[in-house]
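The next block holds one structure in the form of structure tokens; read it before the comments.
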Amino acid sequence: MSDYKCTLWPSGEVLTINGEENLLTQFKKAGKKIKSSCGGCASCGDCMIVVKSGELNLTPQTFEELRLLGNVFHITKERLSCQTKITGDVTLDITAHDRSTTNTQASGPKSTTTILKKREEVVKAVRENEEKNREKPSDDWYRHWENEGDDPSKPKKLGGGKKPKAFTYSESEDSDKKDND
Ligand code: FES
């Protein structure tokens, strides 16, 4: 019989796990709740566990597991429990599947408070802007040129009316230039 010790982190609970079946099945047999949507065919990624120690005592990643998680185990230390068997003693973290832990860690109330606070700030800023706009005379811009001192009965000068200089050309100037060259 290939039974090994599996220590759960951080509780320190020790389970005896059979190395002939995958961890998902073994955890379920031991009464541990592990999320799984695809039934163990490596397509959902829900059954992820974190390896705390003894990573060499796990079977190598299957093609399906690598396809889903990528080749980043050395960084994330995550494995799919439905694709992993153990070949020695290991320490694993399955707290992500523990509903009571997940609920206490959930940042629901905190984030809600933050969102409400932000919303209050936004509402306050909007009201301040509205008050500022109310203080301004609303018809300030309307026919504003009449308030600038010009007589509205006279046509306004728009800066045009200048004739361009006539173009003059004399052959004598041109011949002088050629002589200088
Ligand atoms: S149960 Fe879906 S990937 Fe393992």
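Ordered as shown in the structure tokens, chains take letters A, B, and onward, while each chain numbers its residues from 1 and ligands are numbered from 1 in the order shown.
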May I have a table of the residues of chain A lying at most 6 Å from ligand 1, giving each one's closest pair of atoms and their distance in Å to one decimal, counting only C-alpha atoms and all ligand atoms, ordered by chain and ascending residue number, as CSV?
```
residue,atom,partner,partner_atom_place_in_ligand_line,distance
A:Ser36,CA,ligand 1,1 (S),4.1
A:Ser37,CA,ligand 1,2 (Fe),5.3
A:Cys38,CA,ligand 1,2 (Fe),4.2
A:Gly39,CA,ligand 1,1 (S),5.0
A:Gly40,CA,ligand 1,1 (S),3.7
A:Cys41,CA,ligand 1,2 (Fe),5.7
A:Ala42,CA,ligand 1,3 (S),3.4
A:Ser43,CA,ligand 1,3 (S),4.7
A:Cys44,CA,ligand 1,2 (Fe),4.0
A:Gly45,CA,ligand 1,3 (S),3.8
A:Asp46,CA,ligand 1,2 (Fe),5.3
A:Cys47,CA,ligand 1,4 (Fe),4.5
A:Leu80,CA,ligand 1,4 (Fe),5.3
A:Cys82,CA,ligand 1,4 (Fe),4.4
```
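Excluding Ser11 (chain A) itself and same-chain residues fewer than 3 positions from it, the residues having an atom within 12 Å of it are Cys6, Thr7, Leu8, Val14, Leu15, Thr91, Leu92, Asp93, Ile94, Thr95, Asp98 and Thr101 of chain A, counting only C-alpha atoms.
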Problem - Those in region 22-129 of chain A with helix (DSSP H, G or I) from DSSP, as number ranges by chain - result: A: 23-29, 55-57, 63-69, 73-76, 81-83, 95-97, 99-105, 108-129
Handout entry: strand (DSSP E) positions in region 9-115 of chain A, given as a count of residues only
Key = 19
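Nearest to Glu13 (chain A) of all the residues A:Lys162, A:Val90, A:Ser153, A:Val50 is A:Val90, based on only C-alpha atoms.
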